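The structure file input12.txt is reproduced below (compact mmCIF, C-alpha atoms).
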# COMPACT_ATOMS: atom_id res chain seq x y z
CA MET A 155 -5.00 12.36 2.57
CA ASP A 156 -1.86 11.26 0.82
CA THR A 157 -2.22 9.73 -2.66
CA ILE A 158 -0.45 6.57 -1.50
CA LYS A 159 -3.04 6.09 1.23
CA LYS A 160 -5.87 6.75 -1.25
CA LYS A 161 -4.51 4.10 -3.61
CA TYR A 162 -4.11 1.66 -0.73
CA LEU A 163 -7.65 2.28 0.48
CA LEU A 164 -9.07 1.75 -3.01
CA ALA A 165 -7.16 -1.48 -3.55
CA PHE A 166 -8.05 -2.61 -0.03
CA LEU A 167 -11.76 -2.10 -0.66
CA ILE A 168 -11.57 -3.85 -4.02
CA LEU A 169 -9.92 -6.89 -2.42
CA VAL A 170 -11.94 -7.04 0.81
CA THR A 171 -15.48 -6.28 -0.39
CA PRO A 172 -16.10 -9.32 -2.68
CA PRO A 173 -15.30 -11.98 -0.04
CA ILE A 174 -17.59 -10.20 2.42
CA LEU A 175 -20.41 -10.08 -0.13
CA VAL A 176 -19.88 -13.73 -1.07
CA ARG A 177 -20.17 -14.77 2.58
CA ILE A 178 -23.33 -12.73 3.07
CA PHE A 179 -25.04 -13.98 -0.09
CA SER A 180 -24.06 -17.60 0.43
CA SER A 181 -25.28 -17.55 4.04
CA LEU A 182 -28.63 -16.24 2.81
CA ASP A 183 -28.70 -18.97 0.13
CA LEU A 184 -28.78 -16.31 -2.58
CA LEU A 185 -25.50 -17.43 -4.12
CA TYR A 186 -24.17 -20.87 -4.83
CA LEU A 187 -20.40 -20.98 -5.03
CA THR A 188 -18.24 -24.03 -5.52
CA GLU A 189 -15.49 -24.71 -3.02
CA ASP A 190 -12.84 -24.42 -5.71
CA LEU A 191 -13.98 -20.96 -6.75
CA ALA A 192 -14.26 -19.82 -3.14
CA ALA A 193 -10.72 -21.05 -2.44
CA PHE A 194 -9.43 -19.31 -5.57
CA LEU A 195 -11.07 -16.01 -4.57
CA THR A 196 -9.59 -16.30 -1.09
CA ILE A 197 -6.09 -16.94 -2.43
CA VAL A 198 -6.28 -14.05 -4.89
CA SER A 199 -7.56 -11.61 -2.28
CA LYS A 200 -4.98 -12.68 0.33
CA LEU A 201 -2.08 -12.39 -2.13
CA GLY A 202 -3.35 -9.01 -3.27
CA LEU A 203 -3.58 -7.76 0.29
CA ILE A 204 -0.05 -8.93 1.05
CA ILE A 205 1.33 -7.20 -2.03
CA ILE A 206 -0.46 -3.89 -1.57
CA THR A 207 0.35 -3.76 2.15
CA ILE A 208 4.06 -4.28 1.48
CA TRP A 209 3.96 -1.73 -1.34
CA CYS A 210 2.19 0.89 0.76
CA GLY A 211 4.50 0.29 3.72
CA ALA A 212 7.54 0.72 1.51
CA ARG A 213 6.11 3.88 -0.05
CA LEU A 214 5.47 5.33 3.41
CA ARG A 215 9.14 4.66 4.18
CA ILE A 216 8.57 2.01 6.79
CA ASN A 217 11.55 -0.29 7.28
CA ILE A 218 11.27 -2.91 4.51
CA VAL A 219 11.45 -5.82 6.96
CA LEU A 220 8.59 -4.36 8.99
CA ALA A 221 6.60 -3.71 5.80
CA ILE A 222 7.04 -7.35 4.76
CA LEU A 223 6.03 -8.57 8.23
CA LEU A 224 2.99 -6.31 8.17
CA GLY A 225 2.08 -7.62 4.73
CA LEU A 226 2.45 -11.26 5.74
CA SER A 227 0.48 -10.64 8.92
CA THR A 228 -2.60 -9.95 6.76
CA LEU A 229 -2.95 -13.73 6.50
CA LEU A 230 -4.14 -13.77 10.11
CA PRO A 231 -7.77 -13.02 10.93
CA LEU A 232 -8.55 -9.32 11.49
CA MET A 233 -4.98 -8.31 10.66
CA THR A 234 -6.13 -6.88 7.33
CA TRP A 235 -8.11 -4.29 9.23
CA ILE A 236 -5.34 -3.72 11.77
CA SER A 237 -2.80 -3.20 8.99
CA LEU A 238 -5.18 -0.68 7.40
CA ILE A 239 -5.32 1.22 10.70
CA ILE A 240 -1.54 1.04 11.14
CA LEU A 241 -0.83 2.38 7.67
CA PHE A 242 -3.44 5.12 7.89
CA THR A 243 -2.29 6.38 11.26
CA ARG A 244 1.35 6.24 10.21
CA LYS A 245 2.91 9.68 10.22
CA GLN A 246 6.13 10.33 8.45
CA SER A 247 8.97 10.84 10.83
CA GLU A 248 11.00 14.03 10.81
CA ASN A 249 14.02 12.13 9.50
CA ASN A 250 12.09 11.05 6.42
CA ILE A 251 10.82 14.58 5.84
CA LYS A 252 14.33 16.01 6.25
CA SER A 253 15.81 13.45 3.88
CA ARG A 254 13.15 14.27 1.28
CA LYS A 255 13.88 17.99 1.62
CA GLN A 256 17.61 17.33 1.24
CA ASP A 257 16.95 15.17 -1.83
CA ASN A 258 14.83 17.92 -3.35
CA LEU A 259 17.49 20.54 -2.59
CA SER A 260 20.28 18.45 -4.08
CA GLU A 261 18.18 17.84 -7.20
CA SER A 262 17.43 21.55 -7.55
CA ASN A 263 21.14 22.35 -7.08
CA LYS A 264 22.02 19.90 -9.85
CA ASP A 265 19.41 21.48 -12.11
CA ILE A 266 20.77 24.96 -11.44
CA LYS A 267 24.33 23.83 -12.14
CA GLU A 268 23.24 22.21 -15.40
CA GLN A 269 21.41 25.34 -16.47
CA LEU A 270 24.40 27.51 -15.66
CA THR A 271 26.81 25.29 -17.57
CA ASN A 272 24.44 25.08 -20.54
CA ASN A 273 24.02 28.90 -20.61
CA ARG A 274 27.77 29.44 -20.31
CA TYR A 275 28.57 27.32 -23.36
CA GLU A 276 25.78 28.68 -25.56

Would you give me this structure, written as structure tokens?
Amino acid sequence: MDTIKKKYLLAFLILVTPPILVRIFSSLDLLYLTEDLAAFLTIVSKLGLIIITIWCGARLRINIVLAILLGLSTLLPLMTWISLIILFTRKQSENNIKSRKQDNLSESNKDIKEQLTNNRYE
């Protein structure tokens, strides 16, 4: 699994687990939570999910507009889980892989040229 996906999964679990536990414990009358604190926790978790979904989408080289739309869609019910599935099943296209290889080759060519020029003048 890619490190970007691992980081997304970890942040996702950190943001999704507490609201689920709060709902379970409050429904069993094991936890008393004020409405203000519950609203604050909801806002923080929703904002966090939006941010990490956009970040992960951008890192996986999804079009930035689509990454923003996917991030904002996490405000809808069940879309947090659907966005998780979308990002985890996302495979990098061949164009992205080719562009990465070309970037790596151009960087290595620059490094070789710098080494040659440095050795020539020494």

Report task. Would you mind listing what lies within 12 Å of Ile216 of chain A as JSON, numbers by chain, with all atoms listed in the file counted and same-chain residues fewer than 3 positions away left out? Result -> {"A": [207, 208, 209, 210, 211, 212, 213, 219, 220, 221, 222, 223, 224, 225, 240, 241, 244, 245, 246, 247, 249, 250]}

Query raised in the report: So how far away is atom CA of Leu229 of chain A from atom CA of Ile205 of chain A, in Å?
Result: 11.6 Å

Query raised in the report: Excluding same-chain residues fewer than 6 positions from segment 195-199 of chain A, what lies within 8 Å of it counting all atoms listed in the file, as a list in words?
Result: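 Everything that qualifies: Leu169, Val170 and Pro173 of chain A.
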
Report summary line: Taken to one decimal, the atom CA of Leu201 of chain A-atom CA of Thr228 of chain A distance is 9.2 Å

Query raised in the report: For the atom pair atom CA of Trp235 of chain A and atom CA of Pro172 of chain A, what is the interatomic distance in Å to one decimal place?
Result: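 These atoms are spaced 15.2 Å apart.
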
Query raised in the report: Excluding same-chain residues fewer than 6 positions from Lys160 of chain A, what lies within 12 Å of it counting all atoms listed in the file, as an MDAnalysis selection string?
Result: chainID A and resid 166:167 206 210 238 241:242
